[in-house]
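In what follows, a structure is listed as structure tokens, so that the remarks can point back to it.
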Amino acid sequence: MENLEQLIEDFIKKSSLFSCVEVHKILESTNTYLLKNNFPSGCIVIADQQTAGRGRRGRSWFSPPGKNLYFSFLLVNPPLDPSTLPRLNIVMAVAVAEALGKLGIKTSVKWPNDILINGKKLAGILIESVFEKDKIKKLVIGTGININTDHDDFTTDILTIATSLKIATGQTWDRNSILLNLLKNIELWYNVFEKGEFYKIRDKWLQYFEWKGKEVFVSSDDTTIFGIAAGIDENGFLILSLPDGSEMKIISGDVSVRRKNATGN
Amino acid sequence: MAEVVAQMVGKVWKIVANEGDCVEEGDPIIIIESMKMEIPIEAEVSGKVTKIHVTFDQTVNEGDVVAEIDEGGC
């Protein structure tokens, strides 16, 4: 990660979203670090390794050193209505998919914001918030991308559901150039979002949504719902067409494509 | 009586406070999940939780009253 700080600093001098950067060799989690400490809005924290990388509901994110990208950025008192917050998941998914697309890497999205290659998870995004009364006081937006992880680095369990750019393409990638590209795209798509043009982001997201029109199932705590993935609504919620012809809005849950003679993906 | 109101659409993931509990301003009462985000719905006043209006896994909409707090109750 040499020269990374300088590269990012040069970029953020001209940035309307980002303001500062800290690069660490090792952190518990870049999200946790930003949540626990006071930083100015727009600050980016990058770690070469996370000892407790997190995903949804505290699930762990595999974060070995020297291979991948783990970074988060902070927004303090963002001028966002809390009701628009779910849309940020879609914004981030589009930003990551577009950034990788510009490097010639074809990805797809899994609702709401997982980035896949060949049906396996390449990148994950975790957005965490702190509220004060009914206002958003802090937003921490974290991204983890498997770049140069080898087959042997993953445990057998993870290998069935996850991949890396190296595994998918057979080549080693430069993390710094990917990170810079990501930050540029995050800024670009966040600005579109802030301008109130979420419909553009939704359209773009749908281009990456390969499960549109496919039979999927949505699992939450103790229920599973089957239906056809019809798209996402104006807030980014998944629209499911049910067998009785009605539509259901999915607010949370794990979505998997339904395969014949199989129960999961 | 102060109402605790959801700021956004979500599904009730955790009910942190129970009816009868004394809570402080800023304490989380309910945690909702919206997409992959966990959003706490916090007490805007200190007092006794007199009513929880939601159950686990229930969908709440923006503006829904999820709980009530009696400011003089504790």
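FYI, nothing fancy with the structure tokens labels: chains A, B, ... in order, residues from 1 per chain, ligands from 1 as they appear.
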
For this session: Please return, as a ChimeraX atom specification, all residues of chain A lying within 6 Å of chain B when only C-alpha atoms are considered.
Result: /A:56,83,251-252

All heavy atoms of the current selection, written as an mmCIF file, in the first residue's frame:
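What landed in result12.cif:
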```cif
data_model
loop_
_atom_site.group_PDB
_atom_site.id
_atom_site.type_symbol
_atom_site.label_atom_id
_atom_site.label_comp_id
_atom_site.auth_asym_id
_atom_site.auth_seq_id
_atom_site.Cartn_x
_atom_site.Cartn_y
_atom_site.Cartn_z
ATOM 1 N N ARG A 56 -23.366 -7.886 7.294
ATOM 2 C CA ARG A 56 -24.710 -7.734 7.849
ATOM 3 C C ARG A 56 -24.882 -8.600 9.099
ATOM 4 O O ARG A 56 -24.416 -9.726 9.150
ATOM 5 C CB ARG A 56 -25.722 -8.143 6.775
ATOM 6 C CG ARG A 56 -27.147 -8.144 7.200
ATOM 7 C CD ARG A 56 -28.034 -8.524 6.022
ATOM 8 N NE ARG A 56 -29.411 -8.656 6.443
ATOM 9 C CZ ARG A 56 -30.102 -9.798 6.396
ATOM 10 N NH1 ARG A 56 -29.563 -10.893 5.932
ATOM 11 N NH2 ARG A 56 -31.356 -9.834 6.807
ATOM 12 N N SER A 83 -35.483 8.670 5.443
ATOM 13 C CA SER A 83 -36.270 7.740 4.621
ATOM 14 C C SER A 83 -35.582 7.402 3.303
ATOM 15 O O SER A 83 -35.933 6.429 2.646
ATOM 16 C CB SER A 83 -37.660 8.320 4.350
ATOM 17 O OG SER A 83 -37.549 9.472 3.549
ATOM 18 N N ILE A 251 -38.248 -5.668 2.091
ATOM 19 C CA ILE A 251 -37.513 -4.610 2.790
ATOM 20 C C ILE A 251 -36.163 -5.106 3.310
ATOM 21 O O ILE A 251 -35.185 -4.368 3.332
ATOM 22 C CB ILE A 251 -38.385 -4.069 3.941
ATOM 23 C CG1 ILE A 251 -39.570 -3.315 3.327
ATOM 24 C CG2 ILE A 251 -37.611 -3.177 4.885
ATOM 25 C CD1 ILE A 251 -40.714 -3.124 4.239
ATOM 26 N N SER A 252 -36.134 -6.354 3.735
ATOM 27 C CA SER A 252 -34.865 -6.932 4.176
ATOM 28 C C SER A 252 -34.915 -8.438 3.966
ATOM 29 O O SER A 252 -35.978 -9.005 3.729
ATOM 30 C CB SER A 252 -34.599 -6.613 5.648
ATOM 31 O OG SER A 252 -35.533 -7.286 6.456
#
```

For this session: Tell me, as a ChimeraX atom specification, which residues lie within 9 Å of Pro78 in chain A, counting only C-alpha atoms; anything in the same chain fewer than 2 positions away does not count.
Result: /A:41,75-76,80-81,135-139

Please provide as a short mmCIF file (atom, residue, chain, number, x, y, z; two decimals) with all heavy atoms, in the first residue's frame all residues within 8 Å of Ser220 in chain A, with the sequence filter that same-chain residues fewer than 2 positions apart are discarded (counting only C-alpha atoms).
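Output file part-v5.cif follows:
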```cif
data_model
loop_
_atom_site.label_atom_id
_atom_site.label_comp_id
_atom_site.auth_asym_id
_atom_site.auth_seq_id
_atom_site.Cartn_x
_atom_site.Cartn_y
_atom_site.Cartn_z
N VAL A 218 -36.59 -15.41 -0.86
CA VAL A 218 -36.10 -14.43 0.10
C VAL A 218 -36.25 -15.03 1.49
O VAL A 218 -37.35 -15.38 1.91
CB VAL A 218 -36.91 -13.12 0.02
CG1 VAL A 218 -36.34 -12.08 0.98
CG2 VAL A 218 -36.93 -12.57 -1.40
N ASP A 222 -37.49 -16.27 10.05
CA ASP A 222 -38.15 -17.57 10.11
C ASP A 222 -39.13 -17.76 8.95
O ASP A 222 -40.05 -18.57 9.05
CB ASP A 222 -38.85 -17.76 11.46
CG ASP A 222 -39.66 -16.55 11.86
OD1 ASP A 222 -39.84 -15.67 11.01
OD2 ASP A 222 -40.12 -16.49 13.01
N THR A 223 -38.94 -16.98 7.90
CA THR A 223 -39.84 -17.13 6.75
C THR A 223 -39.03 -17.20 5.45
O THR A 223 -37.94 -16.65 5.36
CB THR A 223 -40.82 -15.93 6.64
OG1 THR A 223 -40.05 -14.74 6.57
CG2 THR A 223 -41.80 -15.88 7.78
N THR A 224 -39.60 -17.87 4.49
CA THR A 224 -39.02 -17.90 3.14
C THR A 224 -40.15 -17.60 2.16
O THR A 224 -41.22 -18.21 2.24
CB THR A 224 -38.41 -19.27 2.83
OG1 THR A 224 -37.38 -19.53 3.80
CG2 THR A 224 -37.78 -19.30 1.44
N SER A 252 -36.13 -6.35 3.73
CA SER A 252 -34.87 -6.93 4.18
C SER A 252 -34.92 -8.44 3.97
O SER A 252 -35.98 -9.00 3.73
CB SER A 252 -34.60 -6.61 5.65
OG SER A 252 -35.53 -7.29 6.46
N GLY A 253 -33.76 -9.06 4.04
CA GLY A 253 -33.70 -10.51 3.87
C GLY A 253 -32.61 -10.90 2.89
O GLY A 253 -32.03 -10.05 2.21
N ASP A 254 -32.32 -12.18 2.86
CA ASP A 254 -31.31 -12.72 1.94
C ASP A 254 -32.01 -13.27 0.70
O ASP A 254 -32.87 -14.13 0.81
CB ASP A 254 -30.55 -13.87 2.61
CG ASP A 254 -29.58 -13.35 3.65
OD1 ASP A 254 -28.92 -12.34 3.39
OD2 ASP A 254 -29.50 -13.96 4.74
#
```

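Take CA of Lys25 in chain A and CA of Asp48 in chain A: the distance between them is 4.9 Å.
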
For this session: Would you please give, as a PyMOL selection string, all residues of range 48-175 of chain A that DSSP assigns to strand (DSSP E) based on the backbone?
Result: chain A and resi 48-50+69-76+108-110+114-117+120-132+135-145

For this session: Just the residues within 10 Å of range 241-246 of chain A, please, counting only C-alpha atoms, with nothing from its chain fewer than 4 positions along; format it as a ChimeraX atom specification.
Result: /A:213,215-216,225-231
